[in-house]
Each structure stands twice: as structure tokens, then as C-alpha cells.
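entry.txt follows; it contains compact mmCIF, C-alpha atoms.
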# COMPACT_ATOMS: atom_id res chain seq x y z
CA MET A 1 -121.88 -101.20 65.71
CA PRO A 2 -124.91 -100.56 67.97
CA SER A 3 -128.13 -102.37 67.25
CA THR A 4 -130.81 -100.53 65.31
CA SER A 5 -133.44 -102.65 67.03
CA PRO A 6 -135.78 -101.01 69.55
CA ALA A 7 -134.47 -101.31 73.10
CA HIS A 8 -135.32 -104.55 74.84
CA ARG A 9 -136.94 -106.15 71.80
CA ARG A 10 -135.87 -109.76 71.50
CA PRO A 11 -133.94 -110.06 68.22
CA ARG A 12 -134.35 -113.13 66.04
CA ALA A 13 -131.35 -115.43 66.48
CA ALA A 14 -130.07 -118.70 65.07
CA LEU A 15 -127.35 -121.06 66.25
CA ALA A 16 -124.55 -121.87 63.81
CA MET A 17 -121.96 -124.40 65.01
CA SER A 18 -121.41 -128.13 65.11
CA PRO A 19 -123.97 -130.13 67.10
CA SER A 20 -121.18 -131.34 69.39
CA ALA A 21 -120.09 -127.76 70.11
CA ALA A 22 -123.67 -126.76 70.86
CA ALA A 23 -124.11 -129.69 73.23
CA ALA A 24 -120.85 -128.92 75.04
CA VAL A 25 -121.14 -125.14 75.33
CA LEU A 26 -124.88 -124.48 75.51
CA SER A 27 -126.36 -126.25 78.51
CA PRO A 28 -130.13 -126.26 79.02
CA GLY A 29 -129.66 -123.32 81.38
CA SER A 30 -127.65 -121.42 78.77
CA MET A 31 -130.29 -122.12 76.13
CA ALA A 32 -132.99 -120.85 78.46
CA ALA A 33 -130.98 -117.69 79.15
CA LEU A 34 -130.40 -117.16 75.43
CA SER A 35 -134.10 -117.67 74.72
CA ALA A 36 -134.91 -115.03 77.33
CA VAL A 37 -132.97 -112.36 75.42
CA SER A 38 -133.65 -113.48 71.84
CA THR A 39 -136.15 -115.34 69.72
CA LEU A 40 -134.29 -118.48 68.72
CA ALA A 41 -134.87 -120.27 65.45
CA PRO A 42 -136.03 -123.86 65.94
CA LEU A 43 -133.33 -126.48 66.45
CA PRO A 44 -131.29 -128.24 65.13
CA VAL A 45 -128.31 -125.92 65.06
CA ILE A 46 -126.90 -124.96 61.68
CA ASP A 47 -123.72 -126.71 60.62
CA ASP A 48 -124.41 -126.49 56.89
CA PHE A 49 -125.79 -123.24 55.45
CA ALA A 50 -126.99 -124.97 52.28
CA THR A 51 -129.81 -126.98 53.89
CA ALA A 52 -133.44 -125.94 53.64
CA ALA A 53 -133.71 -125.61 57.43
CA ALA A 54 -130.64 -123.38 57.50
CA ARG A 55 -131.98 -121.17 54.71
CA ALA A 56 -135.28 -120.79 56.56
CA ALA A 57 -133.48 -119.76 59.75
CA LEU A 58 -131.17 -117.38 57.88
CA ALA A 59 -134.09 -115.64 56.19
CA ASP A 60 -135.18 -114.08 59.48
CA ALA A 61 -132.05 -114.08 61.64
CA GLU A 62 -130.75 -110.78 62.96
CA ILE A 63 -128.03 -112.44 65.05
CA LEU A 64 -126.04 -115.60 64.49
CA VAL A 65 -124.74 -117.20 67.66
CA THR A 66 -121.77 -119.16 66.39
CA GLY A 67 -119.32 -121.69 67.78
CA TRP A 68 -116.75 -124.29 66.83
CA GLY A 69 -117.71 -125.86 63.52
CA CYS A 70 -119.57 -122.86 62.12
CA PRO A 71 -119.23 -122.82 58.30
CA PRO A 72 -117.88 -119.66 56.63
CA ILE A 73 -120.41 -116.84 56.51
CA ASP A 74 -119.69 -115.79 52.94
CA ALA A 75 -121.48 -113.59 50.43
CA ASP A 76 -123.86 -116.39 49.44
CA VAL A 77 -124.86 -116.94 53.08
CA LEU A 78 -125.34 -113.21 53.60
CA ALA A 79 -127.54 -113.01 50.53
CA ALA A 80 -129.82 -115.55 52.22
CA ALA A 81 -129.75 -113.55 55.46
CA PRO A 82 -130.97 -110.04 54.58
CA ALA A 83 -131.74 -109.12 58.20
CA LEU A 84 -128.44 -110.32 59.67
CA ARG A 85 -126.68 -107.57 61.60
CA ALA A 86 -124.49 -109.32 64.21
CA VAL A 87 -122.45 -112.41 64.97
CA VAL A 88 -121.82 -113.52 68.56
CA HIS A 89 -119.14 -116.19 68.76
CA THR A 90 -119.07 -118.58 71.74
CA ALA A 91 -115.35 -119.32 71.29
CA GLY A 92 -112.16 -117.40 70.55
CA THR A 93 -110.99 -116.68 67.03
CA VAL A 94 -113.53 -115.71 64.37
CA ARG A 95 -111.10 -116.14 61.47
CA GLY A 96 -112.60 -119.43 60.33
CA HIS A 97 -116.13 -118.18 59.72
CA VAL A 98 -116.35 -114.38 59.67
CA THR A 99 -115.37 -113.52 56.10
CA GLU A 100 -114.55 -110.27 54.32
CA ALA A 101 -118.15 -110.20 53.13
CA CYS A 102 -119.29 -109.85 56.75
CA TRP A 103 -117.00 -106.89 57.35
CA ASP A 104 -118.05 -105.32 54.04
CA ARG A 105 -121.69 -105.44 55.10
CA GLY A 106 -120.85 -103.92 58.48
CA ILE A 107 -121.85 -106.95 60.54
CA ALA A 108 -121.09 -106.38 64.23
CA VAL A 109 -118.94 -109.18 65.63
CA SER A 110 -118.34 -110.29 69.19
CA SER A 111 -116.10 -113.08 70.49
CA ALA A 112 -115.71 -114.97 73.75
CA ALA A 113 -111.91 -114.78 73.41
CA ALA A 114 -111.67 -112.85 76.67
CA ALA A 115 -113.49 -115.63 78.53
CA ASN A 116 -111.40 -118.34 76.88
CA ALA A 117 -108.22 -116.48 77.82
CA LEU A 118 -108.79 -117.05 81.54
CA PRO A 119 -108.22 -120.83 81.74
CA VAL A 120 -105.27 -120.58 79.34
CA ALA A 121 -103.67 -118.03 81.62
CA GLU A 122 -104.37 -120.20 84.66
CA TYR A 123 -102.74 -123.19 82.96
CA THR A 124 -99.74 -121.02 82.10
CA LEU A 125 -99.36 -119.76 85.66
CA ALA A 126 -99.55 -123.32 86.97
CA MET A 127 -96.91 -124.54 84.54
CA ILE A 128 -94.58 -121.61 85.34
CA LEU A 129 -94.71 -122.42 89.04
CA LEU A 130 -94.54 -126.20 88.59
CA SER A 131 -91.58 -125.93 86.22
CA GLY A 132 -89.71 -123.70 88.64
CA LYS A 133 -89.95 -126.39 91.33
CA ARG A 134 -89.37 -129.10 88.69
CA VAL A 135 -92.49 -130.75 90.07
CA LEU A 136 -93.38 -132.89 87.06
CA GLU A 137 -89.84 -134.20 86.59
CA ARG A 138 -89.30 -134.84 90.28
CA ALA A 139 -92.65 -136.63 90.57
CA ARG A 140 -91.63 -138.90 87.69
CA ASP A 141 -88.27 -139.64 89.31
CA PHE A 142 -89.89 -140.21 92.71
CA ARG A 143 -92.31 -142.71 91.18
CA ALA A 144 -89.38 -144.57 89.61
CA SER A 145 -87.07 -144.60 92.64
CA ARG A 146 -89.60 -144.69 95.53
CA HIS A 147 -86.90 -142.76 97.40
CA ARG A 148 -86.93 -139.12 98.50
CA ASP A 149 -83.69 -137.15 98.71
CA ALA A 150 -83.12 -134.84 101.68
CA TRP A 151 -84.88 -131.55 100.92
CA LEU A 152 -81.83 -129.53 101.88
CA ALA A 153 -79.94 -131.26 99.09
CA THR A 154 -82.21 -129.71 96.44
CA PRO A 155 -80.06 -127.83 93.90
CA PRO A 156 -80.13 -124.04 94.37
CA GLU A 157 -81.47 -123.45 90.85
CA VAL A 158 -84.73 -125.21 91.79
CA GLY A 159 -87.51 -122.91 93.01
CA ASN A 160 -89.45 -119.81 92.03
CA TYR A 161 -87.93 -117.10 94.19
CA GLY A 162 -86.50 -114.39 91.97
CA ARG A 163 -86.93 -116.29 88.70
CA THR A 164 -87.34 -114.33 85.47
CA VAL A 165 -90.42 -114.98 83.35
CA GLY A 166 -90.55 -113.74 79.77
CA ILE A 167 -93.92 -113.11 78.15
CA LEU A 168 -93.99 -113.17 74.35
CA SER A 169 -96.88 -110.88 73.33
CA ALA A 170 -99.24 -108.84 75.47
CA SER A 171 -102.28 -110.55 73.97
CA LEU A 172 -105.47 -111.09 75.98
CA ILE A 173 -103.88 -114.20 77.46
CA GLY A 174 -100.45 -112.64 77.86
CA ARG A 175 -101.90 -109.72 79.80
CA ARG A 176 -103.89 -112.05 82.05
CA VAL A 177 -100.75 -114.09 82.75
CA ILE A 178 -98.91 -110.89 83.70
CA GLU A 179 -101.74 -110.03 86.07
CA LEU A 180 -101.71 -113.49 87.67
CA LEU A 181 -97.93 -113.33 88.17
CA ARG A 182 -98.04 -110.11 90.23
CA PRO A 183 -98.35 -111.71 93.71
CA TYR A 184 -95.22 -113.82 93.19
CA ASP A 185 -91.55 -112.99 93.73
CA LEU A 186 -90.80 -113.10 90.03
CA ARG A 187 -89.31 -110.66 87.55
CA VAL A 188 -91.44 -110.33 84.42
CA LEU A 189 -90.13 -109.30 81.01
CA LEU A 190 -92.24 -108.59 77.92
CA HIS A 191 -91.56 -108.55 74.23
CA ASP A 192 -94.33 -106.99 72.18
CA PRO A 193 -93.44 -104.44 69.48
CA TYR A 194 -96.91 -102.90 69.76
CA VAL A 195 -96.60 -102.08 73.48
CA SER A 196 -94.99 -98.76 74.39
CA ASP A 197 -92.57 -98.34 77.27
CA ALA A 198 -95.24 -96.38 79.14
CA GLU A 199 -97.80 -99.15 78.71
CA ALA A 200 -95.25 -101.77 79.77
CA ALA A 201 -94.63 -99.74 82.94
CA GLU A 202 -98.39 -99.73 83.61
CA LEU A 203 -98.40 -103.52 83.20
CA GLY A 204 -95.51 -103.79 85.66
CA VAL A 205 -93.13 -105.47 83.22
CA ARG A 206 -89.81 -104.56 81.63
CA PRO A 207 -89.88 -104.36 77.82
CA VAL A 208 -87.05 -106.17 76.06
CA THR A 209 -86.08 -107.20 72.56
CA LEU A 210 -87.05 -110.62 71.27
CA ALA A 211 -83.45 -111.79 71.63
CA GLY A 212 -83.28 -110.32 75.14
CA LEU A 213 -86.46 -112.12 76.17
CA PHE A 214 -84.98 -115.54 75.38
CA ALA A 215 -81.49 -114.80 76.67
CA GLU A 216 -82.58 -113.31 80.01
CA SER A 217 -85.59 -115.43 80.99
CA ASP A 218 -85.71 -118.62 83.04
CA VAL A 219 -89.14 -119.27 81.53
CA VAL A 220 -90.47 -118.00 78.21
CA SER A 221 -94.23 -118.22 77.72
CA VAL A 222 -95.50 -117.84 74.15
CA HIS A 223 -98.76 -115.93 73.66
CA THR A 224 -98.37 -114.42 70.20
CA PRO A 225 -101.10 -115.22 67.66
CA LEU A 226 -100.26 -117.31 64.61
CA LEU A 227 -99.96 -114.92 61.69
CA PRO A 228 -97.78 -115.02 58.57
CA ALA A 229 -95.29 -112.77 60.35
CA THR A 230 -95.16 -114.98 63.46
CA THR A 231 -94.90 -118.42 61.83
CA GLY A 232 -91.60 -119.90 63.04
CA LEU A 233 -90.95 -116.78 65.13
CA VAL A 234 -89.39 -118.84 67.93
CA SER A 235 -86.35 -119.86 65.95
CA ARG A 236 -83.42 -122.18 66.46
CA GLU A 237 -81.22 -119.18 67.31
CA LEU A 238 -83.60 -118.03 70.04
CA LEU A 239 -83.99 -121.52 71.49
CA THR A 240 -80.25 -122.12 71.66
CA SER A 241 -79.80 -118.76 73.38
CA MET A 242 -81.98 -119.76 76.34
CA ARG A 243 -80.44 -120.17 79.77
CA PRO A 244 -79.41 -123.67 80.82
CA ASP A 245 -82.50 -125.44 82.22
CA GLY A 246 -84.68 -122.71 80.72
CA VAL A 247 -88.30 -123.57 80.05
CA LEU A 248 -90.35 -122.82 76.95
CA ILE A 249 -94.13 -122.85 77.47
CA ASN A 250 -96.36 -122.71 74.40
CA THR A 251 -100.13 -122.33 74.72
CA SER A 252 -100.50 -120.26 71.54
CA ARG A 253 -100.14 -122.22 68.29
CA GLY A 254 -97.58 -124.88 67.49
CA ALA A 255 -96.39 -123.24 64.28
CA VAL A 256 -95.21 -120.12 66.14
CA VAL A 257 -92.28 -122.31 67.22
CA ASP A 258 -89.78 -123.92 64.83
CA GLN A 259 -90.64 -127.41 66.01
CA ASP A 260 -87.76 -129.18 64.30
CA ALA A 261 -85.34 -126.77 65.97
CA LEU A 262 -87.08 -127.23 69.31
CA THR A 263 -86.80 -131.01 69.02
CA ASP A 264 -83.08 -130.73 68.27
CA VAL A 265 -82.43 -128.36 71.17
CA LEU A 266 -84.43 -130.50 73.59
CA ARG A 267 -82.37 -133.52 72.58
CA THR A 268 -79.28 -131.73 73.97
CA ASP A 269 -81.05 -131.69 77.38
CA ARG A 270 -80.18 -128.00 77.87
CA ILE A 271 -83.74 -126.73 78.16
CA ARG A 272 -87.21 -128.02 78.90
CA ALA A 273 -90.54 -127.44 77.17
CA VAL A 274 -94.20 -127.48 78.16
CA LEU A 275 -96.29 -127.76 75.01
CA ASP A 276 -100.07 -127.60 74.99
CA VAL A 277 -99.95 -127.04 71.22
CA THR A 278 -97.77 -128.58 68.52
CA ASP A 279 -97.42 -128.55 64.75
CA PRO A 280 -99.33 -130.57 63.66
CA ASP A 281 -101.73 -130.74 66.59
CA PRO A 282 -101.80 -133.49 67.74
CA LEU A 283 -98.35 -134.83 66.94
CA PRO A 284 -98.02 -138.06 64.94
CA ALA A 285 -97.57 -141.07 67.21
CA GLY A 286 -93.97 -141.58 66.08
CA HIS A 287 -92.76 -138.02 66.55
CA PRO A 288 -89.52 -137.85 68.57
CA LEU A 289 -90.90 -135.24 70.97
CA TRP A 290 -93.00 -137.98 72.60
CA ASP A 291 -89.84 -139.76 73.75
CA LEU A 292 -88.09 -136.77 75.36
CA ASP A 293 -88.37 -136.62 79.14
CA ASN A 294 -87.75 -132.86 79.10
CA ALA A 295 -90.83 -132.26 76.94
CA THR A 296 -94.20 -132.16 78.71
CA ILE A 297 -96.97 -132.41 76.11
CA THR A 298 -100.62 -131.88 77.03
CA PRO A 299 -103.56 -132.45 74.65
CA HIS A 300 -104.54 -128.83 73.89
CA LEU A 301 -106.38 -128.63 77.20
CA ALA A 302 -105.38 -125.16 78.41
CA GLY A 303 -108.44 -123.53 76.90
CA SER A 304 -111.99 -123.83 78.18
CA GLN A 305 -113.04 -127.37 79.04
CA GLY A 306 -115.73 -128.97 81.18
CA ASN A 307 -117.49 -126.44 83.40
CA GLU A 308 -115.30 -123.65 81.99
CA LEU A 309 -117.40 -123.80 78.81
CA ARG A 310 -120.24 -122.20 80.79
CA ARG A 311 -118.17 -119.01 80.96
CA LEU A 312 -118.20 -118.84 77.15
CA ALA A 313 -121.96 -119.30 77.03
CA ASP A 314 -122.54 -116.73 79.76
CA LEU A 315 -120.48 -114.15 77.87
CA ALA A 316 -122.36 -114.85 74.63
CA VAL A 317 -125.75 -114.49 76.33
CA ALA A 318 -124.65 -111.20 77.89
CA GLU A 319 -123.49 -109.93 74.50
CA VAL A 320 -126.81 -110.79 72.85
CA ALA A 321 -128.62 -109.00 75.68
CA ARG A 322 -126.45 -105.89 75.25
CA TRP A 323 -127.01 -105.85 71.49
CA ALA A 324 -130.76 -106.29 71.94
CA ALA A 325 -130.80 -103.31 74.31
CA GLY A 326 -128.90 -101.18 71.81
CA ASP A 327 -125.77 -100.97 73.96
CA GLY A 328 -123.31 -102.56 71.54
CA PHE A 329 -120.89 -105.31 72.41
CA ALA A 330 -118.60 -105.36 75.44
CA HIS A 331 -116.20 -107.66 73.56
CA PRO A 332 -116.26 -106.50 69.93
CA VAL A 333 -113.93 -107.81 67.26
CA ARG A 334 -112.74 -104.96 65.04
CA ARG A 335 -111.82 -105.48 61.41
CA GLU A 336 -108.80 -103.20 61.75
CA ARG A 337 -107.45 -105.33 64.63
CA LEU A 338 -107.63 -108.66 62.80
CA ALA A 339 -103.96 -108.52 61.83
CA PHE A 340 -103.03 -108.61 65.52
CA LEU A 341 -105.52 -111.21 66.75
CA ALA A 342 -105.35 -114.99 66.95

Translate the structure described by the file into C-alpha cells.
Amino acid sequence: MPSTSPAHRRPRAALAMSPSAAAAVLSPGSMAALSAVSTLAPLPVIDDFATAAARAALADAEILVTGWGCPPIDADVLAAAPALRAVVHTAGTVRGHVTEACWDRGIAVSSAAAANALPVAEYTLAMILLSGKRVLERARDFRASRHRDAWLATPPEVGNYGRTVGILSASLIGRRVIELLRPYDLRVLLHDPYVSDAEAAELGVRPVTLAGLFAESDVVSVHTPLLPATTGLVSRELLTSMRPDGVLINTSRGAVVDQDALTDVLRTDRIRAVLDVTDPDPLPAGHPLWDLDNATITPHLAGSQGNELRRLADLAVAEVARWAAGDGFAHPVRRERLAFLA
């Protein structure tokens, strides 16, 4: 929804997120850039809409710049924010704080999901290539043995030439992974019931059924959002159908995968897994996945971290500037698309 504000007027804005999120994402340079395109309410940032300071900021705010830890923006909050017209989120999903009341009022919503998709896709690409060469496993064995086998003795199934990669869902991240895979000698399959054959051809992938994706791929990378329909989507049947030494990579949400089934299948040593997300996340210290050498578990680090957080802030500042100029958002979140988004 385009802004009704006069072009180039600095809209009144307030920050709504946890103090730790604000400190991590909004550097002094980012705050200066945001102040150049909006009139920011005085700090501290809002992490509780019930406080007197929050109510004072809400009374005038036209835009809320939100982040991790933002409380739900419900009908009561909106009643205290009569001028509010837009929400610019400095992270990915808006499900935790943008409520039905926001959509009912017609609040324009933007998200930095596109910016956060980039490092996740880079992580995925790295893990696809590393798993093909069995780099992590061979590094572990090399450390233990201090002995290197002759390179010509490497088994023929090791390597990335001609391997088949299956992408589960052409989400923002899934599409970026497909793009990053193009320079490599890999065959890429896609399962996404919302992608037509013509669109799959444009992406340069071959569309397959869900069963076909798992049966035909050397690597399956999960990028489907966690929705009621996708909870436990990666089932025991699919996992047991994977090729010997197949690799499952999950950077989506842990609950998309039947984790008990995955643990059982990994115990047979038939397949391997690279898990940046689990269910719960993180795993309890005594969970059996920790003890399986064919499970690589990373601490939910695929998304934006360190200097990558600046990309989220830069996108948010650009979105506020566009809205202030009356141009609308470049990265809008649409109510009608919520059922398909993370």
C-alpha cells in the first residue's frame, strides 16, 4: 500500500524489538541512515507496548521498524497508534508480531526475508559441495589417523561431478540456492506443487514428485516453510527411500522433518544429514543425534550473523525511504501469501 505522506517528508518512526536485536542489527551507521529518512522516536527501543514510553511513541508513529523480540501488534496496540500505516521488519518472518488486526487495518508490511535468504543459501551451497567431497567426515578421520590415503584410492562415489541435488520448495531461499548451483556440474530437481512446469524450466530445474525428489537425489535440501501442512512432511518413508550415502540438508525448520524417523534412519548409517535446525531447537544435551557421526549439527547459524546483519538494516532503511517517498515497498509481505511463507 503506497504511503499517503507527501513525497520526501520524513515519517515518524519508532523501533520495536528487543534491545539485544537492536544492538546487533542497527549499528550507529544504520541508526544514522534511518534517522536521515525518518523522524525516530527517542530511545530506548520498544519491547513492551504497555509501558508509558511505548504508548507515547505509538501515539505519533507512522512506521514501526521491528525486529526479533517485537511483541504482537494487536488491536490494543493499534488503538494506541492511530497514525500507524506501515511495519518494516528487519528480519524474516512477520508471523510472530503482525496480527490479523494489522491486516484488517490495511497496514503495509515489509520484511527483510530476501536479505536473510542470501546467507542461508550460501550455507546450503557450501554444505552441498562439502558433503559431495565428504570433507567434514574425511577431515575428522584425518585428524584421528594422522594418515592420508592415496588420492587415487578415493571411492568413485565421492565428488560433485554429475551429482543430483533435490530442492524441496522454491521459496526465496530455495530459488537462491538454485541460482547459486548453476555454475556447477550438477543436476537439479525441484519439488514445489505451486511451481508450474514452465516456471521450473525458467529456473533451469526438473520438476518431480515429492517421492521422486527423495528417491532420485544424492542431496535433498529442505527449504519449505513450517506450516500445518508441512509439519512432518519429510517422513520416515521418504527418508528410507533416499539413495545410499544420500544427504539431507535442513536449513528450514526442524519440525518439517520427522526427527524421530531421521534419527532411526541415520542410525542405520545409510544416509547422512546436515542440520542447522532441529526440533526442538536446540536439541536437548542427551539427544541421540549428538552421538551420530553421520549427523552434522550446526547452531542455527545459516541465517544472518555478524556483519551480515548490516544487510538486514540496509534493506529496512531502503524500505523506509521508499515508503516516505510514496513509492511503496520493494519487499512487501502480502496477506494473501501468508499461507505460503515461513

Quiz prompt | Counting all atoms listed in the file, the residue of A:Arg267, A:Ala114, A:Thr93, A:Ala75 that sits nearest Asp291 in chain A | solution =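 Residue with the minimum atom-to-atom distance to Asp291 in chain A: A:Arg267.
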
Exercise. Kindly indicate which residue among A:Ala108, A:Thr66, A:Arg140, A:His89 lies nearest to Arg334 in chain A, using all atoms listed in the file for the distances.
Key: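 Smallest distance to Arg334 in chain A is found for A:Ala108.
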
Quiz item: Nearest to Thr231 in chain A: which of A:Ala59, A:Val256, A:Ala32, A:Val177 is it, counting all atoms listed in the file?
Solution: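 Using all atoms listed in the file, the shortest distance to Thr231 in chain A belongs to A:Val256.
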
Quiz item: What does the distance between CA of Val205 in chain A and CA of Gly174 in chain A come to in Å, to one decimal place?
Solution: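 Here the two named atoms are 11.6 Å from each other.
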
Self-check item: Separation of CA of Ser18 in chain A from CA of Asp47 in chain A, in Å and rounded to one decimal
Solution: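 Separating CA of Ser18 in chain A from CA of Asp47 in chain A is a distance of 5.2 Å.
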
Quiz prompt | Among the residues A:Phe214, A:Trp68, A:Phe340, A:Tyr123, the one that comes closest to Ala91 in chain A [using only C-alpha atoms] | solution =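 Using only C-alpha atoms, Ala91 in chain A sits closest to A:Trp68.
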
Quiz prompt | Minimum-distance residue to Ile107 in chain A, chosen among A:Ala86, A:Leu152, A:Ala57, A:Ala201 (using all atoms listed in the file) | solution =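 Nearest to Ile107 in chain A: A:Ala86.
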
Quiz item: For Leu226 in chain A, which residue among A:Arg85, A:Arg95, A:Arg146, A:Arg176 is the nearest when counting only C-alpha atoms?
Solution: A:Arg95

Using the structure block above, produce a file of range 60-130 of chain A that contains C-alpha atoms, as a PDB file, in the first residue's frame.
ATOM      1  CA  ASP A  60       2.677   9.519  16.845  1.00  0.00           C
ATOM      2  CA  ALA A  61       4.302   6.660  14.936  1.00  0.00           C
ATOM      3  CA  GLU A  62       3.507   6.246  11.257  1.00  0.00           C
ATOM      4  CA  ILE A  63       6.012   3.415  10.805  1.00  0.00           C
ATOM      5  CA  LEU A  64       7.183   0.736  13.192  1.00  0.00           C
ATOM      6  CA  VAL A  65      10.642  -0.618  12.433  1.00  0.00           C
ATOM      7  CA  THR A  66      10.504  -4.050  14.012  1.00  0.00           C
ATOM      8  CA  GLY A  67      12.928  -6.871  14.716  1.00  0.00           C
ATOM      9  CA  TRP A  68      13.440 -10.030  16.725  1.00  0.00           C
ATOM     10  CA  GLY A  69      11.610  -9.721  20.033  1.00  0.00           C
ATOM     11  CA  CYS A  70       8.886  -7.373  18.827  1.00  0.00           C
ATOM     12  CA  PRO A  71       5.677  -8.019  20.810  1.00  0.00           C
ATOM     13  CA  PRO A  72       2.463  -8.766  18.882  1.00  0.00           C
ATOM     14  CA  ILE A  73       0.935  -5.689  17.268  1.00  0.00           C
ATOM     15  CA  ASP A  74      -2.649  -6.455  18.226  1.00  0.00           C
ATOM     16  CA  ALA A  75      -5.858  -4.442  18.259  1.00  0.00           C
ATOM     17  CA  ASP A  76      -4.995  -2.836  21.596  1.00  0.00           C
ATOM     18  CA  VAL A  77      -1.618  -1.684  20.265  1.00  0.00           C
ATOM     19  CA  LEU A  78      -3.221  -0.344  17.100  1.00  0.00           C
ATOM     20  CA  ALA A  79      -5.764   1.581  19.138  1.00  0.00           C
ATOM     21  CA  ALA A  80      -2.824   3.368  20.777  1.00  0.00           C
ATOM     22  CA  ALA A  81      -1.247   4.027  17.371  1.00  0.00           C
ATOM     23  CA  PRO A  82      -3.858   5.915  15.327  1.00  0.00           C
ATOM     24  CA  ALA A  83      -1.321   7.174  12.774  1.00  0.00           C
ATOM     25  CA  LEU A  84       0.392   3.829  12.165  1.00  0.00           C
ATOM     26  CA  ARG A  85       0.374   2.894   8.488  1.00  0.00           C
ATOM     27  CA  ALA A  86       3.391   0.603   7.950  1.00  0.00           C
ATOM     28  CA  VAL A  87       5.629  -2.010   9.538  1.00  0.00           C
ATOM     29  CA  VAL A  88       9.190  -2.557   8.304  1.00  0.00           C
ATOM     30  CA  HIS A  89      10.693  -5.738   9.717  1.00  0.00           C
ATOM     31  CA  THR A  90      14.478  -6.081   9.982  1.00  0.00           C
ATOM     32  CA  ALA A  91      14.319  -9.899   9.963  1.00  0.00           C
ATOM     33  CA  GLY A  92      12.469 -12.635   8.091  1.00  0.00           C
ATOM     34  CA  THR A  93       9.077 -13.913   9.174  1.00  0.00           C
ATOM     35  CA  VAL A  94       6.467 -11.455  10.446  1.00  0.00           C
ATOM     36  CA  ARG A  95       4.165 -14.156  11.821  1.00  0.00           C
ATOM     37  CA  GLY A  96       5.125 -13.529  15.440  1.00  0.00           C
ATOM     38  CA  HIS A  97       4.119  -9.878  15.591  1.00  0.00           C
ATOM     39  CA  VAL A  98       1.982  -8.817  12.625  1.00  0.00           C
ATOM     40  CA  THR A  99      -1.510  -9.878  13.663  1.00  0.00           C
ATOM     41  CA  GLU A 100      -4.833 -10.111  11.845  1.00  0.00           C
ATOM     42  CA  ALA A 101      -5.671  -6.700  13.281  1.00  0.00           C
ATOM     43  CA  CYS A 102      -2.793  -5.202  11.272  1.00  0.00           C
ATOM     44  CA  TRP A 103      -4.059  -6.716   8.033  1.00  0.00           C
ATOM     45  CA  ASP A 104      -7.621  -5.625   8.838  1.00  0.00           C
ATOM     46  CA  ARG A 105      -6.477  -2.030   9.199  1.00  0.00           C
ATOM     47  CA  GLY A 106      -4.557  -2.224   5.925  1.00  0.00           C
ATOM     48  CA  ILE A 107      -1.112  -1.750   7.455  1.00  0.00           C
ATOM     49  CA  ALA A 108       1.598  -2.048   4.787  1.00  0.00           C
ATOM     50  CA  VAL A 109       4.192  -4.639   5.773  1.00  0.00           C
ATOM     51  CA  SER A 110       7.740  -5.169   4.563  1.00  0.00           C
ATOM     52  CA  SER A 111      10.240  -7.851   5.566  1.00  0.00           C
ATOM     53  CA  ALA A 112      13.976  -8.376   5.198  1.00  0.00           C
ATOM     54  CA  ALA A 113      13.383 -12.053   4.357  1.00  0.00           C
ATOM     55  CA  ALA A 114      15.010 -11.580   0.957  1.00  0.00           C
ATOM     56  CA  ALA A 115      18.187 -10.272   2.590  1.00  0.00           C
ATOM     57  CA  ASN A 116      18.210 -13.041   5.187  1.00  0.00           C
ATOM     58  CA  ALA A 117      17.780 -15.642   2.439  1.00  0.00           C
ATOM     59  CA  LEU A 118      21.219 -14.896   0.980  1.00  0.00           C
ATOM     60  CA  PRO A 119      23.452 -16.270   3.770  1.00  0.00           C
ATOM     61  CA  VAL A 120      21.160 -19.285   4.211  1.00  0.00           C
ATOM     62  CA  ALA A 121      21.553 -20.083   0.534  1.00  0.00           C
ATOM     63  CA  GLU A 122      25.320 -19.622   0.769  1.00  0.00           C
ATOM     64  CA  TYR A 123      25.477 -22.023   3.719  1.00  0.00           C
ATOM     65  CA  THR A 124      23.392 -24.524   1.759  1.00  0.00           C
ATOM     66  CA  LEU A 125      25.633 -24.310  -1.295  1.00  0.00           C
ATOM     67  CA  ALA A 126      28.706 -24.809   0.884  1.00  0.00           C
ATOM     68  CA  MET A 127      27.214 -27.851   2.583  1.00  0.00           C
ATOM     69  CA  ILE A 128      26.134 -29.387  -0.743  1.00  0.00           C
ATOM     70  CA  LEU A 129      29.668 -29.131  -2.097  1.00  0.00           C
ATOM     71  CA  LEU A 130      31.373 -30.178   1.139  1.00  0.00           C
TER      72      LEU A 130
END
